[in-house]
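See structure below.
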Number of protein chains: 2
Amino acid sequence: MHTTTPLAADCPLCLELGGLLILQTPRWRVVRVIDEAFPAFYRLIWQAHVAEFSDLDALQRAECMEAVTAIERALRGALQPTKINLATLGNVVPHLHWHVIARFDWDSHFPNPIWGEAKREVTGGAEARLALPMSDLDQRVRAALGA
Amino acid sequence: MHTTTPLAADCPLCLELGGLLILQTPRWRVVRVIDEAFPAFYRLIWQAHVAEFSDLDALQRAECMEAVTAIERALRGALQPTKINLATLGNVVPHLHWHVIARFDWDSHFPNPIWGEAKREVTGGAEARLALPMSDLDQRVRAALGA
């Protein structure tokens, strides 16, 4: 992490990576969230402790969303998901992070948001239904981010 | 609506405005969603029928997110919300639209996402707790978008 990045002492995203590290730069990092129901769930975390997207300046916002778009494109290309979901909420952890989630018409909650009610059980688990192993998917995401 | 905008015959966001119209341009429109629990809930809808954010080109993505940012800033300035939530899901209506929602620590679902479980009842209604009338808020959003 860049030494001039402002951090907050009590913020979990300042203290921990927040998932399996895929790639990081001085300004942001991308992790994969470990979630059985949604295996293709990545998160872009801004390194500096800012709460809102509009706390970034225009260049930072563009860089942030181009990285989010690269993750989205990697997931679309690798998995042909029914839909991509993007969100930055931060109600619990107000440190800017973007969720990038591949959704499938067979997943436990579809078409509900992942935060809504489950609609079905996925026998055999969600990860087994993906078109490629997680390590390959991680590598595709990493490559899309220019690593 | 611009006459060359590609529309889909069975898409509700191609057929209807999708909320109270605040402003529109040839490329996008902003509406306010009528939701009793979340009165400060705006939506940017891309006019063309595209499903995913990454279906836009780089200039379109920048224009889209600068408009989303303008809405966010108007809500922050007018309401001092606890948090802004941004999301593009589209699982039910796969026509690109961004939710921009001002959240408050007293709202019915906070800190849950609006799609999650309710946490409390808001006596007197949420709109009555906002710092200004909805028509004034709409005008602030319109002004922030450059109208």
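Order determines the names: the first chain of the structure tokens is A, the second B, and so forth; residues in each chain are numbered 1 upward, and ligands are numbered 1 upward as they are shown.
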
Mind checking DSSP for range 17-135 of chain B and telling me the helix (DSSP H, G or I) residues as an MDAnalysis selection string?
chainID B and resid 53:55 58:79 127:129 134:135

Keeping only C-alpha atoms, write those residues as a compact mmCIF listing (two decimals), in the first residue's frame.
# COMPACT_ATOMS: atom_id res chain seq x y z
CA PHE B 53 -22.47 -0.76 -18.19
CA SER B 54 -19.63 -2.21 -20.27
CA ASP B 55 -21.89 -2.06 -23.35
CA ALA B 58 -15.53 4.94 -22.73
CA LEU B 59 -16.99 8.38 -23.45
CA GLN B 60 -20.50 7.18 -22.72
CA ARG B 61 -19.38 5.56 -19.47
CA ALA B 62 -17.70 8.79 -18.40
CA GLU B 63 -20.79 10.85 -19.26
CA CYS B 64 -23.00 8.36 -17.43
CA MET B 65 -20.94 8.36 -14.24
CA GLU B 66 -20.46 12.13 -14.24
CA ALA B 67 -24.25 12.47 -14.27
CA VAL B 68 -24.55 9.88 -11.49
CA THR B 69 -21.94 11.85 -9.54
CA ALA B 70 -23.85 15.09 -10.05
CA ILE B 71 -26.97 13.49 -8.59
CA GLU B 72 -24.97 12.11 -5.68
CA ARG B 73 -23.49 15.52 -4.94
CA ALA B 74 -26.88 17.21 -5.09
CA LEU B 75 -28.27 14.70 -2.58
CA ARG B 76 -25.27 15.06 -0.28
CA GLY B 77 -25.45 18.84 -0.39
CA ALA B 78 -29.18 19.05 0.18
CA LEU B 79 -29.76 16.22 2.64
CA GLU B 127 -40.32 12.18 3.36
CA ALA B 128 -41.29 14.33 6.37
CA ARG B 129 -37.78 13.87 7.77
CA MET B 134 -39.33 17.00 -2.75
CA SER B 135 -39.91 19.68 -5.38

Going by DSSP on the backbone, which residues of range 22-75 of chain B come out as strand (DSSP E)? List them as a PyMOL selection string.
chain B and resi 22-24+28-32+41-46

Check every residue of chain B for an atom within 7 Å of chain A, counting only C-alpha atoms, and provide those that qualify as a ChimeraX atom specification.
/B:52,54,62,69,72-73,83-89,91-92,111,113,115-116

For the selection just defined, write its residues with N, CA and C atoms to a file, as a JSON list (two decimals), in the first residue's frame.
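For reference, selection16.json as written:
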[["chain", "number", "residue", "atom", "x", "y", "z"],
["B", 52, "GLU", "N", -25.73, -3.80, -20.14],
["B", 52, "GLU", "CA", -24.62, -3.72, -19.18],
["B", 52, "GLU", "C", -23.86, -2.41, -19.31],
["B", 54, "SER", "N", -20.75, -2.04, -19.33],
["B", 54, "SER", "CA", -19.63, -2.21, -20.27],
["B", 54, "SER", "C", -20.10, -2.29, -21.73],
["B", 62, "ALA", "N", -18.11, 7.60, -19.15],
["B", 62, "ALA", "CA", -17.70, 8.79, -18.40],
["B", 62, "ALA", "C", -18.88, 9.75, -18.24],
["B", 69, "THR", "N", -22.66, 11.09, -10.57],
["B", 69, "THR", "CA", -21.94, 11.85, -9.54],
["B", 69, "THR", "C", -22.63, 13.18, -9.24],
["B", 72, "GLU", "N", -25.49, 12.41, -7.02],
["B", 72, "GLU", "CA", -24.97, 12.11, -5.68],
["B", 72, "GLU", "C", -24.61, 13.39, -4.93],
["B", 73, "ARG", "N", -23.92, 14.27, -5.61],
["B", 73, "ARG", "CA", -23.49, 15.52, -4.94],
["B", 73, "ARG", "C", -24.67, 16.39, -4.56],
["B", 83, "LYS", "N", -25.34, 8.00, 4.08],
["B", 83, "LYS", "CA", -24.59, 7.32, 3.01],
["B", 83, "LYS", "C", -25.35, 7.46, 1.70],
["B", 84, "ILE", "N", -24.60, 7.45, 0.61],
["B", 84, "ILE", "CA", -25.20, 7.32, -0.72],
["B", 84, "ILE", "C", -25.01, 5.87, -1.17],
["B", 85, "ASN", "N", -26.04, 5.31, -1.75],
["B", 85, "ASN", "CA", -25.94, 3.98, -2.36],
["B", 85, "ASN", "C", -26.09, 4.13, -3.87],
["B", 86, "LEU", "N", -25.15, 3.54, -4.60],
["B", 86, "LEU", "CA", -25.20, 3.50, -6.08],
["B", 86, "LEU", "C", -25.27, 2.04, -6.50],
["B", 87, "ALA", "N", -26.11, 1.76, -7.48],
["B", 87, "ALA", "CA", -26.16, 0.38, -7.96],
["B", 87, "ALA", "C", -26.76, 0.32, -9.35],
["B", 88, "THR", "N", -26.24, -0.57, -10.16],
["B", 88, "THR", "CA", -26.89, -0.96, -11.40],
["B", 88, "THR", "C", -27.00, -2.48, -11.38],
["B", 89, "LEU", "N", -28.22, -2.96, -11.29],
["B", 89, "LEU", "CA", -28.48, -4.40, -11.16],
["B", 89, "LEU", "C", -29.14, -4.88, -12.45],
["B", 91, "ASN", "N", -31.51, -7.08, -13.00],
["B", 91, "ASN", "CA", -31.85, -8.50, -13.13],
["B", 91, "ASN", "C", -33.26, -8.68, -13.66],
["B", 92, "VAL", "N", -34.16, -7.79, -13.28],
["B", 92, "VAL", "CA", -35.55, -7.88, -13.73],
["B", 92, "VAL", "C", -35.74, -7.12, -15.04],
["B", 111, "PRO", "N", -28.69, -0.39, 8.46],
["B", 111, "PRO", "CA", -27.71, -0.30, 7.37],
["B", 111, "PRO", "C", -27.91, -1.34, 6.26],
["B", 113, "PRO", "N", -29.07, -2.99, 2.77],
["B", 113, "PRO", "CA", -29.44, -2.47, 1.46],
["B", 113, "PRO", "C", -30.97, -2.32, 1.39],
["B", 115, "TRP", "N", -32.86, -3.48, -0.59],
["B", 115, "TRP", "CA", -33.43, -4.75, -1.06],
["B", 115, "TRP", "C", -33.40, -5.82, 0.02],
["B", 116, "GLY", "N", -32.83, -5.49, 1.19],
["B", 116, "GLY", "CA", -32.72, -6.45, 2.27],
["B", 116, "GLY", "C", -33.90, -6.34, 3.24]]

Nearest to Leu17 in chain A: which of A:Pro81, A:Trp106, A:His97, A:Phe41 is it, counting only C-alpha atoms?
A:His97

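Here the question is which of B:Leu137, B:Leu44, B:Leu15, B:Ala131 gets nearest to Val31 in chain B using only C-alpha atoms, and that residue is B:Leu44.
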
Residues within 12 Å of Glu16 in chain B, please, as a PyMOL selection string. Count only C-alpha atoms; anything in the same chain fewer than 3 positions from it doesn't count.
chain B and resi 1+7-13+19-21+29+31+45+47

Residue subset to file, keeping N, CA, C and O atoms, as a compact mmCIF listing (two decimals), in the first residue's frame:
# COMPACT_ATOMS: atom_id res chain seq x y z
N MET B 1 -37.13 11.85 -26.85
CA MET B 1 -36.12 10.81 -27.02
C MET B 1 -35.53 10.91 -28.43
O MET B 1 -36.24 11.19 -29.38
N LEU B 7 -34.48 0.88 -29.25
CA LEU B 7 -35.43 0.55 -28.20
C LEU B 7 -35.85 -0.91 -28.35
O LEU B 7 -35.72 -1.49 -29.42
N ALA B 8 -36.35 -1.47 -27.28
CA ALA B 8 -36.84 -2.85 -27.33
C ALA B 8 -38.34 -2.83 -27.05
O ALA B 8 -38.79 -2.17 -26.11
N ALA B 9 -39.09 -3.56 -27.85
CA ALA B 9 -40.56 -3.47 -27.81
C ALA B 9 -41.15 -3.95 -26.49
O ALA B 9 -42.21 -3.49 -26.08
N ASP B 10 -40.45 -4.86 -25.81
CA ASP B 10 -41.02 -5.44 -24.59
C ASP B 10 -40.34 -4.96 -23.31
O ASP B 10 -40.47 -5.59 -22.26
N CYS B 11 -39.61 -3.85 -23.40
CA CYS B 11 -38.85 -3.38 -22.24
C CYS B 11 -39.57 -2.22 -21.58
O CYS B 11 -39.81 -1.19 -22.21
N PRO B 12 -39.89 -2.33 -20.28
CA PRO B 12 -40.61 -1.25 -19.61
C PRO B 12 -39.86 0.07 -19.61
O PRO B 12 -40.49 1.13 -19.62
N LEU B 13 -38.53 0.03 -19.62
CA LEU B 13 -37.78 1.30 -19.61
C LEU B 13 -37.64 1.89 -21.01
O LEU B 13 -37.18 3.02 -21.17
N GLY B 19 -40.46 6.61 -13.79
CA GLY B 19 -40.45 7.46 -12.60
C GLY B 19 -40.82 8.87 -13.00
O GLY B 19 -41.19 9.14 -14.15
N LEU B 20 -40.73 9.76 -12.04
CA LEU B 20 -41.05 11.18 -12.28
C LEU B 20 -39.87 11.83 -13.01
O LEU B 20 -38.76 11.90 -12.46
N LEU B 21 -40.12 12.32 -14.21
CA LEU B 21 -39.01 12.85 -15.02
C LEU B 21 -38.43 14.12 -14.40
O LEU B 21 -39.13 15.08 -14.11
N ARG B 29 -31.78 9.81 -19.23
CA ARG B 29 -32.75 10.61 -18.49
C ARG B 29 -32.60 10.29 -17.01
O ARG B 29 -32.09 9.23 -16.64
N VAL B 31 -34.90 10.20 -13.49
CA VAL B 31 -36.24 10.21 -12.91
C VAL B 31 -36.11 10.07 -11.40
O VAL B 31 -35.09 9.60 -10.89
N ILE B 45 -31.36 6.59 -16.29
CA ILE B 45 -31.69 5.54 -17.26
C ILE B 45 -31.04 5.89 -18.58
O ILE B 45 -31.23 6.99 -19.11
N GLN B 47 -30.81 5.97 -22.40
CA GLN B 47 -31.96 5.94 -23.31
C GLN B 47 -31.94 4.73 -24.23
O GLN B 47 -32.97 4.12 -24.50

In Å, with one decimal, what is the gap from CA of Ile22 in chain A to CA of Asp136 in chain A?
11.6 Å

d(CA of Cys14 in chain A, CA of Val33 in chain A) in Å
16.1 Å

Near-Gly125 in chain A list (12 Å; only C-alpha atoms; drop same-chain fewer than 6 positions) as a PyMOL selection string
chain A and resi 35-39+106-108

Could you work out how far CA of Gly124 in chain B lies from CA of Arg140 in chain B, giving the answer in Å with one decimal?
24.2 Å
